[in-house]
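Participant: Compact mmCIF, C-alpha atoms and all ligand atoms, saved as input.txt, coming up:
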# COMPACT_ATOMS: atom_id res chain seq x y z
CA MET G 1457 0.00 0.00 0.00
CA LEU G 1458 1.30 3.49 -0.82
CA LEU G 1459 2.00 5.88 2.04
CA ASN G 1460 -0.79 8.24 0.99
CA GLU G 1461 -3.31 5.43 1.07
CA ILE G 1462 -2.07 4.43 4.51
CA VAL G 1463 -2.40 7.98 5.85
CA ASP G 1464 -5.94 8.17 4.50
CA GLN G 1465 -6.87 5.28 6.79
CA ILE G 1466 -5.62 7.04 9.93
CA PRO G 1467 -7.93 9.70 11.42
CA ASN G 1468 -6.72 13.22 10.84
CA ILE G 1469 -6.12 15.41 13.92
CA ASN G 1470 -9.45 17.19 13.37
CA LYS G 1471 -11.22 14.00 14.45
CA CYS G 1472 -9.55 14.34 17.86
CA LEU G 1473 -10.15 18.07 18.34
CA HIS G 1474 -13.24 18.52 20.50
CA ARG G 1475 -13.54 21.46 22.92
CA GLY G 1476 -13.04 20.46 26.54
CA LYS G 1477 -11.64 17.03 25.73
CA THR G 1478 -8.20 15.94 26.98
CA LEU G 1479 -5.59 15.01 24.39
CA ILE G 1480 -2.29 13.27 24.96
CA ILE G 1481 -0.01 14.40 22.14
CA ARG G 1482 3.28 12.57 21.53
CA ILE G 1483 5.71 14.88 19.77
CA ASP G 1484 9.44 14.55 19.08
CA ILE G 1485 11.42 17.57 20.22
CA ASN G 1486 14.62 15.61 20.76
CA SER G 1487 17.19 18.26 19.85
CA PRO G 1488 20.97 18.57 19.58
CA ILE G 1489 22.33 19.90 22.86
CA VAL G 1490 25.83 21.34 23.25
CA ASN G 1491 27.09 22.53 26.65
CA GLY G 1492 23.60 22.28 28.06
CA LYS G 1493 22.05 24.43 25.33
CA ILE G 1494 19.71 23.51 22.49
CA VAL G 1495 21.63 24.36 19.32
CA ASP G 1496 18.94 23.56 16.77
CA ASP G 1497 15.23 23.95 17.49
CA PHE G 1498 13.85 22.79 14.12
CA ARG G 1499 11.73 20.00 15.60
CA ILE G 1500 10.35 22.27 18.32
CA ARG G 1501 9.39 24.83 15.69
CA MET G 1502 7.54 22.19 13.67
CA HIS G 1503 5.61 20.75 16.60
CA ALA G 1504 4.64 24.15 18.02
CA TYR G 1505 2.12 24.34 15.17
CA THR G 1506 0.45 21.11 16.33
CA LEU G 1507 0.16 22.36 19.89
CA ARG G 1508 -1.28 25.66 18.67
CA VAL G 1509 -3.95 23.88 16.61
CA ALA G 1510 -4.96 21.71 19.58
CA SER G 1511 -4.98 24.60 22.02
CA GLU G 1512 -6.96 26.89 19.74
CA ALA G 1513 -9.57 24.17 19.33
CA GLY G 1514 -10.16 24.41 23.09
CA THR G 1515 -8.79 20.99 24.00
CA LYS G 1516 -6.76 20.30 27.14
CA VAL G 1517 -3.34 19.37 25.85
CA VAL G 1518 -0.96 16.96 27.57
CA VAL G 1519 2.41 16.78 25.83
CA LEU G 1520 4.61 13.70 25.92
CA ALA G 1521 8.13 13.84 24.53
CA HIS G 1522 11.70 12.67 25.11
CA GLN G 1523 15.19 14.13 25.00
CA GLY G 1524 18.27 11.92 24.57
CA ARG G 1525 18.64 8.47 26.02
CA PRO G 1526 19.30 7.56 29.68
CA GLY G 1527 23.03 7.63 30.33
CA GLN G 1528 23.86 10.04 27.54
CA ASP G 1529 24.97 13.67 27.91
CA ASP G 1530 21.90 15.02 26.14
CA PHE G 1531 19.47 13.18 28.42
CA THR G 1532 17.97 16.27 30.04
CA SER G 1533 14.79 17.65 31.53
CA LEU G 1534 12.23 19.05 29.10
CA ASP G 1535 12.23 22.15 31.25
CA LEU G 1536 14.97 23.19 28.82
CA HIS G 1537 12.56 22.95 25.87
CA LYS G 1538 9.70 24.86 27.49
CA PRO G 1539 10.86 28.40 26.59
CA TYR G 1540 11.41 27.34 22.96
CA ILE G 1541 7.88 25.97 22.72
CA GLU G 1542 6.55 29.18 24.30
CA LYS G 1543 8.57 31.29 21.88
CA TYR G 1544 6.99 29.63 18.83
CA LEU G 1545 3.52 29.41 20.38
CA GLU G 1546 3.72 32.99 21.60
CA LYS G 1547 2.03 32.02 24.86
CA PRO G 1548 3.00 30.36 28.13
CA ILE G 1549 2.61 26.64 28.71
CA LYS G 1550 2.78 24.59 31.91
CA PHE G 1551 5.55 22.16 32.77
CA VAL G 1552 5.60 19.49 35.46
CA ASP G 1553 8.73 17.54 36.39
CA ASP G 1554 6.78 14.34 36.62
CA VAL G 1555 5.29 11.92 34.07
CA ILE G 1556 2.89 9.52 35.78
CA GLY G 1557 3.09 10.44 39.47
CA PRO G 1558 0.31 12.09 41.54
CA GLU G 1559 1.48 15.63 40.71
CA ALA G 1560 1.40 15.03 36.94
CA ARG G 1561 -2.01 13.39 37.19
CA ARG G 1562 -3.36 16.21 39.37
CA GLN G 1563 -2.18 18.83 36.87
CA ILE G 1564 -3.70 16.90 33.98
CA ARG G 1565 -7.06 16.73 35.78
CA GLU G 1566 -6.94 20.45 36.51
CA LEU G 1567 -6.17 21.54 32.94
CA ARG G 1568 -8.53 24.12 31.49
CA GLU G 1569 -9.64 24.44 27.85
CA GLY G 1570 -6.78 25.56 25.64
CA GLU G 1571 -4.09 24.95 28.26
CA ILE G 1572 -0.96 23.00 27.41
CA LEU G 1573 0.90 20.87 29.94
CA LEU G 1574 4.35 19.56 29.08
CA LEU G 1575 5.27 16.45 31.07
CA GLU G 1576 8.85 15.56 32.03
CA ASN G 1577 11.10 13.60 29.63
CA VAL G 1578 9.17 10.35 29.21
CA ARG G 1579 12.44 8.40 29.13
CA VAL G 1580 12.89 8.92 32.87
CA LEU G 1581 10.58 5.89 32.97
CA ALA G 1582 12.68 2.75 32.57
CA GLU G 1583 9.89 1.00 30.66
CA GLU G 1584 9.85 3.68 27.96
CA VAL G 1585 13.12 2.56 26.38
CA ILE G 1586 12.11 -1.09 26.16
CA GLU G 1587 10.67 -1.99 22.76
CA LYS G 1588 7.75 -4.42 22.73
CA VAL G 1589 4.64 -5.09 20.68
CA PRO G 1590 1.85 -2.49 21.07
CA GLU G 1591 -0.41 -4.80 23.07
CA ALA G 1592 2.34 -5.22 25.68
CA GLN G 1593 3.06 -1.48 25.72
CA ALA G 1594 -0.59 -0.83 26.49
CA ASP G 1595 0.01 -2.61 29.78
CA THR G 1596 2.82 -0.31 30.97
CA PHE G 1597 2.60 2.07 33.94
CA LEU G 1598 2.69 5.00 31.52
CA VAL G 1599 -0.38 3.95 29.58
CA ARG G 1600 -2.30 2.57 32.55
CA LYS G 1601 -1.81 5.75 34.58
CA LEU G 1602 -2.36 8.36 31.87
CA ALA G 1603 -4.83 6.88 29.37
CA PRO G 1604 -7.79 6.99 31.82
CA LEU G 1605 -7.27 10.75 32.14
CA ALA G 1606 -7.47 11.38 28.39
CA ASP G 1607 -10.10 11.20 25.68
CA TYR G 1608 -7.81 10.96 22.66
CA PHE G 1609 -4.21 10.24 21.70
CA VAL G 1610 -2.51 12.20 18.91
CA PHE G 1611 0.70 10.83 17.48
CA ASP G 1612 2.77 13.55 15.86
CA GLY G 1613 6.38 12.46 16.56
CA PHE G 1614 7.39 11.20 13.15
CA ALA G 1615 11.05 11.16 14.25
CA VAL G 1616 10.30 8.51 16.86
CA ALA G 1617 7.80 6.55 14.73
CA HIS G 1618 10.35 3.75 14.27
CA ARG G 1619 10.32 2.94 18.00
CA SER G 1620 7.87 0.41 19.41
CA GLN G 1621 7.89 2.20 22.76
CA PRO G 1622 4.95 2.75 25.17
CA SER G 1623 4.51 6.46 24.42
CA VAL G 1624 4.45 5.67 20.69
CA VAL G 1625 2.46 2.46 20.29
CA GLY G 1626 0.83 1.83 23.70
CA PHE G 1627 -1.80 4.59 23.73
CA PRO G 1628 -3.33 3.81 20.30
CA MET G 1629 -4.32 0.40 21.68
CA VAL G 1630 -6.55 1.92 24.37
CA LEU G 1631 -7.52 5.39 23.12
CA PRO G 1632 -9.10 6.63 19.89
CA SER G 1633 -6.09 8.06 18.09
CA CYS G 1634 -5.24 10.53 15.35
CA ALA G 1635 -2.25 11.43 13.23
CA GLY G 1636 -0.84 14.87 14.03
CA PRO G 1637 -0.04 17.34 11.24
CA VAL G 1638 3.76 16.87 11.34
CA PHE G 1639 3.39 13.11 11.12
CA GLU G 1640 0.78 13.29 8.37
CA ARG G 1641 2.76 15.78 6.30
CA GLU G 1642 5.87 13.59 6.56
CA LEU G 1643 4.09 10.48 5.33
CA ARG G 1644 2.45 12.30 2.43
CA ALA G 1645 5.67 14.07 1.36
CA LEU G 1646 7.81 10.95 1.59
CA GLY G 1647 5.10 9.08 -0.30
CA ALA G 1648 5.95 11.30 -3.26
CA VAL G 1649 9.27 9.42 -3.56
CA PHE G 1650 7.56 6.11 -4.12
CA GLU G 1651 5.04 7.49 -6.56
CA LYS G 1652 7.77 8.40 -9.03
CA LYS G 1653 8.64 4.70 -9.28
CA GLY G 1654 12.31 5.60 -9.40
CA ARG G 1655 12.26 7.74 -12.55
CA GLY G 1656 14.77 10.55 -12.15
CA VAL G 1657 15.20 9.88 -8.43
CA VAL G 1658 18.69 9.99 -6.96
CA LEU G 1659 19.60 9.24 -3.35
CA MET G 1660 22.57 11.10 -1.87
CA ALA G 1661 23.41 8.87 1.08
CA GLY G 1662 26.04 10.03 3.53
CA GLY G 1663 26.48 10.40 7.26
CA ALA G 1664 27.42 7.96 9.93
CA LYS G 1665 24.36 5.71 10.36
CA ILE G 1666 25.96 2.97 8.28
CA PRO G 1667 23.73 -0.10 8.92
CA ASP G 1668 20.49 1.88 8.54
CA THR G 1669 21.71 3.54 5.39
CA LEU G 1670 22.86 0.26 3.84
CA LYS G 1671 19.43 -1.14 4.51
CA ALA G 1672 17.70 1.89 3.00
CA VAL G 1673 19.93 1.79 -0.09
CA GLU G 1674 19.12 -1.89 -0.56
CA GLN G 1675 15.37 -1.42 -0.11
CA LEU G 1676 15.17 1.60 -2.42
CA LEU G 1677 17.09 -0.17 -5.18
CA LYS G 1678 15.29 -3.48 -4.71
CA ASN G 1679 11.89 -1.80 -4.92
CA GLY G 1680 12.94 0.37 -7.84
CA PHE G 1681 12.23 3.59 -5.93
CA VAL G 1682 15.52 5.22 -6.95
CA GLU G 1683 17.41 5.20 -10.19
CA LYS G 1684 20.81 6.05 -8.75
CA VAL G 1685 22.53 6.26 -5.41
CA ALA G 1686 25.59 8.39 -4.65
CA VAL G 1687 27.36 7.53 -1.41
CA GLY G 1688 29.46 9.87 0.69
CA GLY G 1689 30.34 10.35 4.37
CA LEU G 1690 31.34 7.26 6.29
CA VAL G 1691 28.85 5.30 4.18
CA GLY G 1692 30.83 6.34 1.08
CA PHE G 1693 34.05 5.26 2.74
CA VAL G 1694 32.59 1.79 3.37
CA PHE G 1695 31.46 1.49 -0.26
CA ALA G 1696 34.80 2.73 -1.60
CA VAL G 1697 36.68 0.11 0.42
CA ALA G 1698 34.17 -2.54 -0.69
CA LYS G 1699 34.80 -1.59 -4.30
CA HIS G 1700 38.55 -1.05 -4.33
CA GLY G 1701 39.74 -3.18 -1.40
CA VAL G 1702 42.13 -2.23 1.40
CA LEU G 1703 45.34 -1.21 -0.29
CA ASN G 1704 47.69 -0.59 2.62
CA THR G 1705 48.20 -1.60 6.25
CA ALA G 1706 47.31 1.83 7.64
CA LEU G 1707 43.87 1.66 6.02
CA LYS G 1708 43.48 -1.95 7.12
CA GLN G 1709 43.87 -0.75 10.71
CA VAL G 1710 41.28 2.01 10.23
CA VAL G 1711 38.83 -0.50 8.80
CA GLU G 1712 39.36 -3.09 11.53
CA GLN G 1713 39.39 -0.66 14.45
CA GLY G 1714 36.39 1.24 13.13
CA GLY G 1715 34.36 -2.00 13.07
CA TYR G 1716 33.63 -1.48 9.37
CA LEU G 1717 34.23 -5.06 8.20
CA PRO G 1718 30.64 -6.40 8.36
CA TYR G 1719 29.38 -3.28 6.58
CA ILE G 1720 31.99 -3.66 3.88
CA ASP G 1721 30.75 -7.19 3.22
CA LYS G 1722 27.19 -5.89 2.91
CA ALA G 1723 28.33 -3.07 0.62
CA LYS G 1724 30.13 -5.64 -1.57
CA GLN G 1725 26.90 -7.60 -1.96
CA LEU G 1726 25.04 -4.45 -2.94
CA LEU G 1727 27.72 -3.48 -5.45
CA ALA G 1728 27.60 -6.98 -6.96
CA LYS G 1729 23.85 -6.67 -7.43
CA TYR G 1730 23.34 -2.99 -8.21
CA GLY G 1731 26.87 -1.84 -9.11
CA GLY G 1732 25.79 0.20 -12.11
CA GLN G 1733 23.40 2.24 -10.01
CA ILE G 1734 25.64 2.92 -7.01
CA HIS G 1735 28.16 5.72 -7.48
CA THR G 1736 31.06 5.59 -5.05
CA PRO G 1737 33.68 8.27 -4.35
CA VAL G 1738 36.78 8.27 -6.57
CA ASP G 1739 38.67 10.59 -4.24
CA PHE G 1740 38.51 11.80 -0.66
CA ALA G 1741 39.72 14.68 1.46
CA VAL G 1742 41.83 13.90 4.52
CA ASN G 1743 43.49 16.01 7.17
CA GLN G 1744 47.19 16.43 6.53
CA ASN G 1745 47.97 19.81 8.04
CA GLY G 1746 44.74 20.96 6.48
CA ARG G 1747 42.46 19.62 3.75
CA MET G 1748 44.22 17.43 1.23
CA ASP G 1749 42.46 15.57 -1.59
CA MET G 1750 43.74 12.17 -2.66
CA ASP G 1751 42.51 9.45 -4.98
CA VAL G 1752 40.88 6.39 -3.52
CA TYR G 1753 43.93 4.18 -4.18
CA SER G 1754 46.24 6.37 -2.07
CA LEU G 1755 43.91 6.58 0.92
CA ALA G 1756 45.69 5.54 4.13
CA GLN G 1757 43.50 7.15 6.79
CA SER G 1758 39.84 7.73 7.55
CA PRO G 1759 38.51 10.29 5.08
CA LEU G 1760 36.77 13.45 6.26
CA ASP G 1761 35.05 14.53 3.05
CA ILE G 1762 34.56 13.42 -0.52
CA GLY G 1763 37.21 14.84 -2.88
CA ARG G 1764 36.87 17.45 -5.59
CA LEU G 1765 36.50 14.97 -8.50
CA THR G 1766 33.78 13.13 -6.61
CA ILE G 1767 31.97 16.39 -5.88
CA LEU G 1768 31.96 17.16 -9.62
CA ALA G 1769 30.75 13.68 -10.55
CA PHE G 1770 27.98 13.72 -7.92
CA LYS G 1771 26.93 17.21 -9.02
CA GLU G 1772 26.44 15.88 -12.52
CA LEU G 1773 24.20 13.12 -11.17
CA VAL G 1774 22.17 15.68 -9.26
CA ASP G 1775 21.88 17.94 -12.32
CA GLN G 1776 20.50 15.03 -14.37
CA SER G 1777 17.90 14.09 -11.77
CA GLU G 1778 14.37 15.29 -11.04
CA LEU G 1779 14.12 14.44 -7.38
CA VAL G 1780 16.99 14.27 -4.89
CA ILE G 1781 16.76 12.56 -1.52
CA PHE G 1782 19.57 13.85 0.68
CA SER G 1783 20.23 11.81 3.79
CA GLY G 1784 23.40 12.37 5.82
CA PRO G 1785 26.31 14.74 5.19
CA MET G 1786 29.05 13.89 2.69
CA GLY G 1787 31.77 14.61 5.25
CA TYR G 1788 32.75 15.80 8.69
CA ILE G 1789 30.78 19.03 8.52
CA GLU G 1790 31.60 20.09 12.06
CA ASP G 1791 34.96 21.23 10.60
CA GLU G 1792 34.45 23.80 7.85
CA ARG G 1793 37.43 22.51 5.86
CA PHE G 1794 35.55 19.27 5.32
CA ALA G 1795 32.08 20.68 4.69
CA ALA G 1796 32.63 21.48 0.98
CA GLY G 1797 31.23 18.21 -0.38
CA THR G 1798 28.02 18.56 1.64
CA MET G 1799 27.58 22.29 0.99
CA GLU G 1800 28.17 22.16 -2.77
CA LEU G 1801 25.94 19.16 -3.30
CA LEU G 1802 23.16 20.58 -1.15
CA LYS G 1803 23.25 23.76 -3.23
CA ALA G 1804 23.07 21.74 -6.45
CA ALA G 1805 20.30 19.54 -5.03
CA ALA G 1806 18.23 22.59 -4.07
CA ARG G 1807 17.87 23.36 -7.78
CA ARG G 1808 15.93 20.09 -8.16
CA LYS G 1809 12.98 18.80 -6.14
CA LEU G 1810 14.74 18.15 -2.83
CA ILE G 1811 13.75 15.98 0.11
CA LEU G 1812 16.16 16.00 3.01
CA GLY G 1813 16.29 14.66 6.52
CA GLY G 1814 18.48 14.10 9.56
CA GLY G 1815 19.59 16.60 12.18
CA HIS G 1816 23.07 17.14 10.77
CA THR G 1817 21.81 17.34 7.20
CA ILE G 1818 19.26 19.97 8.18
CA MET G 1819 21.89 22.02 10.00
CA ALA G 1820 24.12 21.85 6.92
CA ALA G 1821 21.23 22.85 4.65
CA GLU G 1822 20.48 25.81 6.89
CA LYS G 1823 24.13 26.87 6.69
CA ALA G 1824 24.13 26.44 2.90
CA GLY G 1825 21.03 28.66 2.75
CA VAL G 1826 18.89 26.06 0.99
CA LEU G 1827 16.55 24.88 3.74
CA ASP G 1828 13.64 26.99 2.51
CA LYS G 1829 14.16 25.83 -1.08
CA ALA G 1830 13.57 22.16 -0.25
CA PHE G 1831 10.33 20.46 -1.27
CA HIS G 1832 10.30 18.66 2.07
CA VAL G 1833 12.47 18.79 5.18
CA SER G 1834 11.93 15.71 7.28
CA THR G 1835 11.96 15.94 11.07
CA GLY G 1836 13.18 12.34 11.19
CA GLY G 1837 16.68 10.93 11.44
CA ARG G 1838 16.50 7.15 11.59
CA ALA G 1839 12.73 7.30 10.99
CA PHE G 1840 13.38 9.21 7.75
CA ILE G 1841 15.88 6.66 6.44
CA GLN G 1842 13.69 3.75 7.41
CA THR G 1843 10.59 5.27 5.86
CA ILE G 1844 12.28 6.02 2.56
CA GLY G 1845 13.68 2.49 2.77
CA GLY G 1846 10.07 1.30 2.67
CA GLU G 1847 10.01 -0.09 6.20
CA GLU G 1848 6.74 -0.20 8.08
CA MET G 1849 6.92 2.08 11.13
CA PRO G 1850 5.58 0.68 14.44
CA ALA G 1851 3.69 3.96 14.98
CA VAL G 1852 1.91 3.59 11.64
CA LYS G 1853 0.96 0.02 12.39
CA ALA G 1854 -0.37 0.91 15.84
CA LEU G 1855 -2.41 3.84 14.47
CA LEU G 1856 -3.94 1.62 11.79
CA THR G 1857 -4.91 -0.94 14.44
CA SER G 1858 -6.39 1.86 16.54
CA ALA G 1859 -8.34 3.21 13.56
CA ARG G 1860 -9.92 -0.20 12.96
CA LYS G 1861 -10.71 -0.60 16.66
CA PHE G 1862 -12.19 2.82 17.45
CA LYS G 1863 -13.62 3.84 14.05
CA LEU G 1864 -13.38 7.59 14.72
N1 LIG F 1901 33.85 11.19 6.55
C1 LIG F 1901 33.39 11.43 7.75
N2 LIG F 1901 34.19 11.34 8.83
C2 LIG F 1901 33.72 11.58 10.06
N3 LIG F 1901 32.47 11.91 10.35
C3 LIG F 1901 31.65 12.01 9.32
C4 LIG F 1901 32.06 11.78 7.99
N4 LIG F 1901 30.99 11.95 7.19
C5 LIG F 1901 29.97 12.28 8.01
N5 LIG F 1901 30.35 12.31 9.28
C6 LIG F 1901 29.58 12.66 10.47
O1 LIG F 1901 28.33 12.02 10.47
C7 LIG F 1901 27.47 12.75 11.33
C8 LIG F 1901 26.12 12.86 10.71
O2 LIG F 1901 25.68 11.61 10.30
P1 LIG F 1901 24.17 11.16 10.49
O3 LIG F 1901 24.00 9.91 9.72
O4 LIG F 1901 23.88 11.10 11.95
O5 LIG F 1901 23.42 12.38 9.79
P2 LIG F 1901 21.96 12.94 9.95
O6 LIG F 1901 20.99 11.83 9.70
O7 LIG F 1901 21.85 14.14 9.11
O8 LIG F 1901 21.88 13.43 11.45
P3 LIG F 1901 21.11 12.93 12.78
O9 LIG F 1901 21.45 11.48 13.01
O10 LIG F 1901 21.68 13.83 13.81
O11 LIG F 1901 19.64 13.12 12.58
C9 LIG F 1901 28.08 14.13 11.51
O12 LIG F 1901 28.55 14.27 12.82
C10 LIG F 1901 29.22 14.12 10.50
O13 LIG F 1901 30.30 14.90 10.89
O1 LIG F 1902 16.41 11.77 17.11
C1 LIG F 1902 15.78 10.75 16.79
O2 LIG F 1902 16.10 10.04 15.81
C2 LIG F 1902 14.53 10.43 17.55
O3 LIG F 1902 14.23 11.38 18.51
C3 LIG F 1902 14.61 9.05 18.18
O4 LIG F 1902 15.61 9.01 19.11
P1 LIG F 1902 16.23 7.60 19.54
O5 LIG F 1902 17.07 7.12 18.40
O6 LIG F 1902 17.01 7.88 20.78
O7 LIG F 1902 15.07 6.67 19.79
Would you write out, as structure tokens, the structure that this file holds?
Ligand SMILES: Nc1ncnc2c1ncn2[C@@H]1O[C@H](COP(=O)(O)OP(=O)(O)OP(=O)(O)O)[C@@H](O)[C@H]1O
Ligand SMILES: O=C(O)[C@H](O)COP(=O)(O)O
Facilitator:
Amino acid sequence: MLLNEIVDQIPNINKCLHRGKTLIIRIDINSPIVNGKIVDDFRIRMHAYTLRVASEAGTKVVVLAHQGRPGQDDFTSLDLHKPYIEKYLEKPIKFVDDVIGPEARRQIRELREGEILLLENVRVLAEEVIEKVPEAQADTFLVRKLAPLADYFVFDGFAVAHRSQPSVVGFPMVLPSCAGPVFERELRALGAVFEKKGRGVVLMAGGAKIPDTLKAVEQLLKNGFVEKVAVGGLVGFVFAVAKHGVLNTALKQVVEQGGYLPYIDKAKQLLAKYGGQIHTPVDFAVNQNGRMDMDVYSLAQSPLDIGRLTILAFKELVDQSELVIFSGPMGYIEDERFAAGTMELLKAAARRKLILGGGHTIMAAEKAGVLDKAFHVSTGGRAFIQTIGGEEMPAVKALLTSARKFKL
């Protein structure tokens, strides 16, 4: 079934907007945090619209979201996100440093029409990071404590749609549920990729999420959803080694220590099957007292960007295409000397119909001044890659089950 047809089967948010009713809305405002500060608020900006729509309809809005993962530096309180939400909403919201305890439940019960209550980072609950089937997630503390206080569940967090976690798939089992506008827009826009049946579609696949990207490349080629794939970033490095082999001991060490071997085997299989469609870098940039380009045969260290010849070749591919999917930077963009591949290709891609996704990719696109030229900017990272790879998202499945059960 095409994505558009799937979305049509899930109730739109309007079906959940009834004055005085209580809504639990799951959004994804997981943001990059450096030195305790949010450095990119793109996701918050996107979801503020959803909260505004719900509030203006006179519903009582309970917001569920996460930030980081337990144990990681960016695992913080959502207190940090509150002022950003307020900035984009242009009105104050409430925050409670509790998710399912008596204080959170009291504040939910006392909500008035139009009020928005942001609950604490849902991942403070140990059960939230355990993935299970929706029926099991409906039996978690989170769902058992909060669902009785709500009338509807709205799922809007496209970026977390690939997780079978309680806050994503548990509520749709027990509450009539709707798709939020961010989630709906994502599915419809990404559906446009599949409708072209591959004609004129090129995937620029870079970044560091190697296994996910290999899977997406395979799915897109297998299903004929893309005509060509150009690989850069660490993904491009893996493909280049798969194609040309390890030519010196220094590189052998990089490959072994980086844990790249299983990915190289997978990349070899893909090249054997779809070699003509996968374009790999012919040169790379490395750091040798500054940026230095070298051909793939001379490479003896981990590359930090694609080289000049590769940039030119990839640009040509982009120029010949109709639709470009850009997922993951072509190099180590945190260092300006190695951002050229990403910047130049993003600028070229913005002259075509461009779909892009991933936190780093979005930041790069913003820097290149092309973010507003894109046809669609996805809020998803892994969810974006998996969706364009044709994988069924747990959130989608749970919402479809809910739609059949509650017939909103
Ligand atoms: N050749 C390279 N060497 C080192 N790091 C690289 C290289 N190419 C890309 N990266 C790094 O990969 C990271 C981005 O990859 P990722 O796959 O996570 O992108 P994204 O999907 O846009 O972002 P996110 O996962 O944050 O949503 C960046 O930190 C970038 O510097
Ligand atoms: O940033 C993301 O991709 C989403 O917020 C999901 O985060 P996770 O990978 O920690 O589940």
Participant: Within 10 Å of ligand LIG 1902 (chain F), counting only C-alpha atoms and all ligand atoms: which residues, as a PyMOL selection string?
Facilitator: chain G and resi 1483-1488+1499+1521-1526+1528+1531+1579+1585+1613-1621+1814-1815+1835-1841
Participant: Using all atoms listed in the file, find each protein or nucleic acid residue lying at most 8 Å from ligand LIG 1901 (chain F); present the set as a PyMOL selection string.
Facilitator: chain G and resi 1488+1662-1666+1688-1693+1758-1762+1783-1791+1813-1819+1836-1838+1841
Participant: Please write the residues from the selection above to a file, keeping C-alpha atoms, as a PDB file, in the frame of the given file.
Facilitator:
ATOM      1  CA  PRO G1488      20.970  18.570  19.580  1.00  0.00           C
ATOM      2  CA  GLY G1662      26.040  10.030   3.530  1.00  0.00           C
ATOM      3  CA  GLY G1663      26.480  10.400   7.260  1.00  0.00           C
ATOM      4  CA  ALA G1664      27.420   7.960   9.930  1.00  0.00           C
ATOM      5  CA  LYS G1665      24.360   5.710  10.360  1.00  0.00           C
ATOM      6  CA  ILE G1666      25.960   2.970   8.280  1.00  0.00           C
ATOM      7  CA  GLY G1688      29.460   9.870   0.690  1.00  0.00           C
ATOM      8  CA  GLY G1689      30.340  10.350   4.370  1.00  0.00           C
ATOM      9  CA  LEU G1690      31.340   7.260   6.290  1.00  0.00           C
ATOM     10  CA  VAL G1691      28.850   5.300   4.180  1.00  0.00           C
ATOM     11  CA  GLY G1692      30.830   6.340   1.080  1.00  0.00           C
ATOM     12  CA  PHE G1693      34.050   5.260   2.740  1.00  0.00           C
ATOM     13  CA  SER G1758      39.840   7.730   7.550  1.00  0.00           C
ATOM     14  CA  PRO G1759      38.510  10.290   5.080  1.00  0.00           C
ATOM     15  CA  LEU G1760      36.770  13.450   6.260  1.00  0.00           C
ATOM     16  CA  ASP G1761      35.050  14.530   3.050  1.00  0.00           C
ATOM     17  CA  ILE G1762      34.560  13.420  -0.520  1.00  0.00           C
ATOM     18  CA  SER G1783      20.230  11.810   3.790  1.00  0.00           C
ATOM     19  CA  GLY G1784      23.400  12.370   5.820  1.00  0.00           C
ATOM     20  CA  PRO G1785      26.310  14.740   5.190  1.00  0.00           C
ATOM     21  CA  MET G1786      29.050  13.890   2.690  1.00  0.00           C
ATOM     22  CA  GLY G1787      31.770  14.610   5.250  1.00  0.00           C
ATOM     23  CA  TYR G1788      32.750  15.800   8.690  1.00  0.00           C
ATOM     24  CA  ILE G1789      30.780  19.030   8.520  1.00  0.00           C
ATOM     25  CA  GLU G1790      31.600  20.090  12.060  1.00  0.00           C
ATOM     26  CA  ASP G1791      34.960  21.230  10.600  1.00  0.00           C
ATOM     27  CA  GLY G1813      16.290  14.660   6.520  1.00  0.00           C
ATOM     28  CA  GLY G1814      18.480  14.100   9.560  1.00  0.00           C
ATOM     29  CA  GLY G1815      19.590  16.600  12.180  1.00  0.00           C
ATOM     30  CA  HIS G1816      23.070  17.140  10.770  1.00  0.00           C
ATOM     31  CA  THR G1817      21.810  17.340   7.200  1.00  0.00           C
ATOM     32  CA  ILE G1818      19.260  19.970   8.180  1.00  0.00           C
ATOM     33  CA  MET G1819      21.890  22.020  10.000  1.00  0.00           C
ATOM     34  CA  GLY G1836      13.180  12.340  11.190  1.00  0.00           C
ATOM     35  CA  GLY G1837      16.680  10.930  11.440  1.00  0.00           C
ATOM     36  CA  ARG G1838      16.500   7.150  11.590  1.00  0.00           C
ATOM     37  CA  ILE G1841      15.880   6.660   6.440  1.00  0.00           C
TER      38      ILE G1841
END
Participant: Rank G:Val1625, G:Gln1776, G:Ile1564, G:Val1463 by their smallest atom-to-atom distance to Glu1584 of chain G, using all atoms listed in the file, and report the top residue only.
Facilitator: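 Nearest to Glu1584 of chain G: G:Val1625.
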Participant: Just to confirm, what's the straight-line distance from atom CA of Leu1567 of chain G to atom CA of Gln1593 of chain G in Å (one decimal)?
Facilitator: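 About the pair atom CA of Leu1567 of chain G and atom CA of Gln1593 of chain G: they are 25.8 Å apart.
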Participant: In terms of the shortest atom-to-atom distance over all atoms listed in the file, which of G:Ala1513, G:Phe1740, G:Val1687, G:Ala1706 is closest to Lys1471 of chain G?
Facilitator: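 Residue with the minimum atom-to-atom distance to Lys1471 of chain G: G:Ala1513.
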Participant: Under the rule that all atoms listed in the file are counted, which of G:Gly1476, G:Pro1590, G:Pro1558, G:Gly1746 is the nearest residue to Gly1626 of chain G?
Facilitator: G:Pro1590
Participant: Under the rule that all atoms listed in the file are counted, which of G:Val1519, G:Ala1756, G:Leu1726, G:Ile1541 is the nearest residue to Gln1709 of chain G?
Facilitator: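 Among G:Val1519, G:Ala1756, G:Leu1726, G:Ile1541, it is G:Ala1756 that comes nearest to Gln1709 of chain G.
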Participant: Provide the atom CA of Gln1842 of chain G to atom CA of Phe1782 of chain G distance in Å, to one decimal place.
Facilitator: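 Atom-to-atom, atom CA of Gln1842 of chain G to atom CA of Phe1782 of chain G, that is 13.5 Å.
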